[in-house]
Amino acid sequence: MSTKRDAHSDASIDIKQELADLFEKEDVVAYFDVTSSPGITPPLTGICKVAKPLAGSPGQQYVSLLFILDTPDADTLRIARECVKQIDERRLIQYVPEITSAVPMPESMIGDAYVRHIDVLLAGSPGDQIQRIVGEIYEALRDIPSLELGELVWWEGEPSDSMNEGRDAPRNTAENVSLMDRIKKRLGITLK
């Protein structure tokens, strides 16, 4: 089901449209595959999109983490919730001093996909330090015992000078399937 009721009004929320709108308001910075650590049953698979506000956007600066995890049954959904719950503000701040807080948004389901969006709020504008900050967030997430992260893939553009200070990951290449294509295929989202 792609719609749910807003608890504070009688309006329905179209989750697919909300995701499509979110994609239009942010620049994708990177993405990576997410799986559960060996020994966790049932196994968990999915992806995480890392984004920032569009250039010139007013307001709070942040890094957005959007987890989309395959949850074909109740046991896998339980594992997904337990794993994502381990992403806490304290752990992120230990790795990235520019973080002021981590704000998890309400979880949602699109078909058999568990979707969890976490905004990581930053003190000031990250400027050309965004890749370093994303690399450090990635390292913090790699430290979560129940999660295994795939290779950090930079979305587009030339790496900044600060990239060498963060995670040293290869940029996306033509042979990789883009995150947006994977999400659109998986969720049936058609962007405006």
# chains A, B, ... in the order shown; residues from 1 in each chain; ligands from 1

call {"tool": "residues_around", "arguments": {"residues": "Gln61 of chain A", "least_positions_apart": "5", "cutoff": "12 Å", "atoms": "only C-alpha atoms", "output": "list of chain:residue names"}}
result
A:Glu26, A:Ala51, A:Lys52, A:Pro53, A:Leu54, A:Ala55, A:Gly56, A:Glu98, A:Ile99, A:Thr100, A:Ser101, A:Ala102, A:Asp119, A:Val120, A:Leu121, A:Leu122, A:Ala123, A:Gly124, A:Ser125, A:Pro126, A:Gly127, A:Ile130

call {"tool": "residues_around", "arguments": {"residues": "Val103 of chain A", "least_positions_apart": "3", "cutoff": "12 Å", "atoms": "only C-alpha atoms", "output": "ChimeraX atom specification"}}
result
/A:62-66,85,87-90,92,99-100,106-107,116-122

call {"tool": "write_last_selection", "arguments": {"atoms": "N, CA and C atoms", "output": "PDB file, in the first residue's frame"}}
result
ATOM      1  N   TYR A  62      21.925  19.892   6.306  1.00  0.00           N
ATOM      2  CA  TYR A  62      21.829  18.522   6.797  1.00  0.00           C
ATOM      3  C   TYR A  62      22.354  17.549   5.751  1.00  0.00           C
ATOM      4  N   VAL A  63      22.535  16.315   6.195  1.00  0.00           N
ATOM      5  CA  VAL A  63      22.785  15.190   5.315  1.00  0.00           C
ATOM      6  C   VAL A  63      21.616  14.243   5.546  1.00  0.00           C
ATOM      7  N   SER A  64      20.994  13.822   4.467  1.00  0.00           N
ATOM      8  CA  SER A  64      19.829  12.950   4.533  1.00  0.00           C
ATOM      9  C   SER A  64      20.250  11.515   4.260  1.00  0.00           C
ATOM     10  N   LEU A  65      19.853  10.597   5.131  1.00  0.00           N
ATOM     11  CA  LEU A  65      20.070   9.170   4.937  1.00  0.00           C
ATOM     12  C   LEU A  65      18.707   8.535   4.682  1.00  0.00           C
ATOM     13  N   LEU A  66      18.533   7.919   3.531  1.00  0.00           N
ATOM     14  CA  LEU A  66      17.269   7.258   3.205  1.00  0.00           C
ATOM     15  C   LEU A  66      17.539   5.772   3.020  1.00  0.00           C
ATOM     16  N   LYS A  85      17.412   0.997  14.244  1.00  0.00           N
ATOM     17  CA  LYS A  85      17.322   1.612  15.576  1.00  0.00           C
ATOM     18  C   LYS A  85      18.714   1.864  16.177  1.00  0.00           C
ATOM     19  N   ILE A  87      21.208   3.158  14.739  1.00  0.00           N
ATOM     20  CA  ILE A  87      21.798   4.398  14.206  1.00  0.00           C
ATOM     21  C   ILE A  87      21.381   5.514  15.153  1.00  0.00           C
ATOM     22  N   ASP A  88      22.277   5.877  16.054  1.00  0.00           N
ATOM     23  CA  ASP A  88      21.897   6.893  17.031  1.00  0.00           C
ATOM     24  C   ASP A  88      22.771   8.138  16.912  1.00  0.00           C
ATOM     25  N   GLU A  89      22.232   9.195  17.427  1.00  0.00           N
ATOM     26  CA  GLU A  89      22.868  10.505  17.365  1.00  0.00           C
ATOM     27  C   GLU A  89      24.246  10.501  18.019  1.00  0.00           C
ATOM     28  N   ARG A  90      24.373   9.859  19.168  1.00  0.00           N
ATOM     29  CA  ARG A  90      25.636   9.835  19.903  1.00  0.00           C
ATOM     30  C   ARG A  90      26.766   9.231  19.065  1.00  0.00           C
ATOM     31  N   LEU A  92      26.931   9.018  15.765  1.00  0.00           N
ATOM     32  CA  LEU A  92      27.257   9.884  14.635  1.00  0.00           C
ATOM     33  C   LEU A  92      28.105  11.080  15.067  1.00  0.00           C
ATOM     34  N   ILE A  99      28.037  17.503  13.400  1.00  0.00           N
ATOM     35  CA  ILE A  99      26.643  17.072  13.582  1.00  0.00           C
ATOM     36  C   ILE A  99      26.104  17.656  14.877  1.00  0.00           C
ATOM     37  N   THR A 100      24.914  18.277  14.779  1.00  0.00           N
ATOM     38  CA  THR A 100      24.246  18.792  15.977  1.00  0.00           C
ATOM     39  C   THR A 100      23.168  17.834  16.465  1.00  0.00           C
ATOM     40  N   PRO A 106       9.316   9.417  10.680  1.00  0.00           N
ATOM     41  CA  PRO A 106       8.493   8.221  10.875  1.00  0.00           C
ATOM     42  C   PRO A 106       8.792   7.171   9.804  1.00  0.00           C
ATOM     43  N   GLU A 107       8.825   5.927  10.229  1.00  0.00           N
ATOM     44  CA  GLU A 107       9.055   4.842   9.276  1.00  0.00           C
ATOM     45  C   GLU A 107       7.843   4.684   8.376  1.00  0.00           C
ATOM     46  N   ARG A 116      13.156   4.133   5.902  1.00  0.00           N
ATOM     47  CA  ARG A 116      13.457   4.954   7.073  1.00  0.00           C
ATOM     48  C   ARG A 116      14.372   6.092   6.640  1.00  0.00           C
ATOM     49  N   HIS A 117      13.956   7.305   6.938  1.00  0.00           N
ATOM     50  CA  HIS A 117      14.651   8.528   6.557  1.00  0.00           C
ATOM     51  C   HIS A 117      15.183   9.171   7.833  1.00  0.00           C
ATOM     52  N   ILE A 118      16.466   9.484   7.841  1.00  0.00           N
ATOM     53  CA  ILE A 118      17.083  10.145   8.993  1.00  0.00           C
ATOM     54  C   ILE A 118      17.796  11.389   8.483  1.00  0.00           C
ATOM     55  N   ASP A 119      17.432  12.547   9.033  1.00  0.00           N
ATOM     56  CA  ASP A 119      18.139  13.783   8.708  1.00  0.00           C
ATOM     57  C   ASP A 119      19.210  14.020   9.762  1.00  0.00           C
ATOM     58  N   VAL A 120      20.445  14.188   9.305  1.00  0.00           N
ATOM     59  CA  VAL A 120      21.579  14.447  10.178  1.00  0.00           C
ATOM     60  C   VAL A 120      21.868  15.949  10.064  1.00  0.00           C
ATOM     61  N   LEU A 121      21.509  16.701  11.101  1.00  0.00           N
ATOM     62  CA  LEU A 121      21.619  18.153  11.073  1.00  0.00           C
ATOM     63  C   LEU A 121      23.051  18.582  11.370  1.00  0.00           C
ATOM     64  N   LEU A 122      23.497  19.603  10.638  1.00  0.00           N
ATOM     65  CA  LEU A 122      24.878  20.082  10.736  1.00  0.00           C
ATOM     66  C   LEU A 122      24.938  21.503  11.281  1.00  0.00           C
TER      67      LEU A 122
END

call {"tool": "residues_around", "arguments": {"residues": "Ile68 of chain A", "least_positions_apart": "2", "cutoff": "12 Å", "atoms": "only C-alpha atoms", "output": "ChimeraX atom specification"}}
result
/A:19,31-35,44-50,65-66,70-71,77,80-81,84,107-118,179-180,182-184,186-187

call {"tool": "residues_around", "arguments": {"residues": "Leu141 of chain A", "least_positions_apart": "4", "cutoff": "10 Å", "atoms": "only C-alpha atoms", "output": "tab-separated table (two decimals) with all heavy atoms, in the first residue's frame"}}
result
chain	number	residue	atom	x	y	z
A	84	VAL	N	18.14	-0.56	12.12
A	84	VAL	CA	18.09	0.89	11.91
A	84	VAL	C	18.02	1.63	13.25
A	84	VAL	O	18.55	2.73	13.39
A	84	VAL	CB	16.93	1.27	10.97
A	84	VAL	CG1	16.75	2.77	10.89
A	84	VAL	CG2	17.17	0.70	9.58
A	86	GLN	N	19.72	1.11	15.73
A	86	GLN	CA	21.07	1.26	16.25
A	86	GLN	C	21.80	2.49	15.71
A	86	GLN	O	22.89	2.83	16.17
A	86	GLN	CB	21.88	0.01	15.94
A	86	GLN	CG	21.38	-1.21	16.67
A	86	GLN	CD	22.16	-2.44	16.31
A	86	GLN	OE1	23.35	-2.37	16.01
A	86	GLN	NE2	21.50	-3.58	16.32
A	87	ILE	N	21.21	3.16	14.74
A	87	ILE	CA	21.80	4.40	14.21
A	87	ILE	C	21.38	5.51	15.15
A	87	ILE	O	20.26	6.00	15.10
A	87	ILE	CB	21.31	4.68	12.77
A	87	ILE	CG1	21.66	3.51	11.87
A	87	ILE	CG2	21.90	5.99	12.26
A	87	ILE	CD1	21.00	3.58	10.51
A	88	ASP	N	22.28	5.88	16.05
A	88	ASP	CA	21.90	6.89	17.03
A	88	ASP	C	22.77	8.14	16.91
A	88	ASP	O	23.88	8.12	16.37
A	88	ASP	CB	21.91	6.33	18.45
A	88	ASP	CG	23.28	5.91	18.94
A	88	ASP	OD1	24.26	6.64	18.68
A	88	ASP	OD2	23.38	4.85	19.57
A	91	ARG	N	26.46	8.11	18.40
A	91	ARG	CA	27.46	7.43	17.56
A	91	ARG	C	27.90	8.35	16.41
A	91	ARG	O	29.08	8.47	16.11
A	91	ARG	CB	26.88	6.14	17.00
A	91	ARG	CG	27.81	5.41	16.04
A	91	ARG	CD	27.14	4.21	15.39
A	91	ARG	NE	26.49	3.32	16.31
A	91	ARG	CZ	27.07	2.29	16.94
A	91	ARG	NH1	28.35	2.06	16.74
A	91	ARG	NH2	26.39	1.53	17.76
A	92	LEU	N	26.93	9.02	15.77
A	92	LEU	CA	27.26	9.88	14.63
A	92	LEU	C	28.11	11.08	15.07
A	92	LEU	O	29.07	11.44	14.40
A	92	LEU	CB	25.97	10.34	13.94
A	92	LEU	CG	25.16	9.24	13.25
A	92	LEU	CD1	23.81	9.77	12.82
A	92	LEU	CD2	25.92	8.66	12.08
A	95	TYR	N	31.83	10.52	15.48
A	95	TYR	CA	32.61	10.47	14.24
A	95	TYR	C	32.66	11.82	13.53
A	95	TYR	O	33.61	12.09	12.81
A	95	TYR	CB	32.01	9.43	13.29
A	95	TYR	CG	32.42	8.02	13.60
A	95	TYR	CD1	31.80	7.30	14.61
A	95	TYR	CD2	33.43	7.40	12.88
A	95	TYR	CE1	32.16	6.00	14.89
A	95	TYR	CE2	33.81	6.11	13.16
A	95	TYR	CZ	33.18	5.41	14.17
A	95	TYR	OH	33.55	4.13	14.46
A	135	GLY	N	31.77	10.72	4.25
A	135	GLY	CA	32.70	9.61	4.50
A	135	GLY	C	32.77	9.25	5.97
A	135	GLY	O	32.81	8.07	6.34
A	136	GLU	N	32.75	10.25	6.84
A	136	GLU	CA	32.78	9.99	8.28
A	136	GLU	C	31.47	9.41	8.78
A	136	GLU	O	31.47	8.55	9.67
A	136	GLU	CB	33.17	11.27	9.03
A	136	GLU	CG	34.61	11.67	8.76
A	136	GLU	CD	35.00	13.02	9.32
A	136	GLU	OE1	34.14	13.76	9.84
A	136	GLU	OE2	36.20	13.34	9.23
A	137	ILE	N	30.34	9.86	8.22
A	137	ILE	CA	29.04	9.25	8.58
A	137	ILE	C	29.03	7.78	8.17
A	137	ILE	O	28.59	6.90	8.92
A	137	ILE	CB	27.88	10.03	7.93
A	137	ILE	CG1	27.73	11.41	8.58
A	137	ILE	CG2	26.57	9.23	8.02
A	137	ILE	CD1	26.76	12.34	7.88
A	145	PRO	N	27.28	-2.98	14.78
A	145	PRO	CA	27.57	-4.41	14.69
A	145	PRO	C	26.59	-5.23	13.83
A	145	PRO	O	27.00	-6.23	13.24
A	145	PRO	CB	27.51	-4.90	16.14
A	145	PRO	CG	27.31	-3.72	16.99
A	145	PRO	CD	27.05	-2.53	16.13
A	146	SER	N	25.34	-4.83	13.74
A	146	SER	CA	24.36	-5.65	13.02
A	146	SER	C	24.29	-5.33	11.53
A	146	SER	O	23.57	-6.00	10.80
A	146	SER	CB	22.97	-5.49	13.64
A	146	SER	OG	22.56	-4.14	13.53
A	147	LEU	N	25.03	-4.31	11.07
A	147	LEU	CA	24.97	-3.91	9.67
A	147	LEU	C	26.29	-4.17	8.94
A	147	LEU	O	27.36	-3.98	9.51
A	147	LEU	CB	24.63	-2.43	9.53
A	147	LEU	CG	23.24	-1.98	9.94
A	147	LEU	CD1	23.11	-0.47	9.80
A	147	LEU	CD2	22.18	-2.68	9.14
A	148	GLU	N	26.18	-4.56	7.68
A	148	GLU	CA	27.32	-4.63	6.77
A	148	GLU	C	27.01	-3.65	5.65
A	148	GLU	O	25.91	-3.68	5.09
A	148	GLU	CB	27.46	-6.04	6.18
A	148	GLU	CG	27.76	-7.12	7.20
A	148	GLU	CD	29.22	-7.15	7.60
A	148	GLU	OE1	30.08	-6.90	6.72
A	148	GLU	OE2	29.50	-7.42	8.78
A	149	LEU	N	27.96	-2.77	5.34
A	149	LEU	CA	27.75	-1.78	4.29
A	149	LEU	C	28.57	-2.14	3.07
A	149	LEU	O	29.73	-2.52	3.19
A	149	LEU	CB	28.13	-0.38	4.78
A	149	LEU	CG	27.47	0.12	6.05
A	149	LEU	CD1	27.90	1.55	6.32
A	149	LEU	CD2	25.96	0.00	6.00

call {"tool": "closest_residue", "arguments": {"among": "A:Val28, A:Val96, A:Ala74, A:Ile79", "to": "Ile133 of chain A", "atoms": "only C-alpha atoms"}}
result
A:Val96

call {"tool": "atom_distance", "arguments": {"atom1": "atom CA of Gln94 of chain A", "atom2": "atom CA of Asp143 of chain A"}}
result
11.3 Å

call {"tool": "select_by_dssp", "arguments": {"residues": "segment 59-149 of chain A", "states": "helix (DSSP H, G or I)", "output": "VMD selection string"}}
result
chain A and resid 74 to 85 89 to 95 127 to 142

call {"tool": "atom_distance", "arguments": {"atom1": "atom CA of Asp128 of chain A", "atom2": "atom CA of Val153 of chain A"}}
result
17.6 Å

call {"tool": "closest_residue", "arguments": {"among": "A:Glu139, A:Ile144, A:Val29, A:Gln131", "to": "Glu82 of chain A", "atoms": "only C-alpha atoms"}}
result
A:Ile144
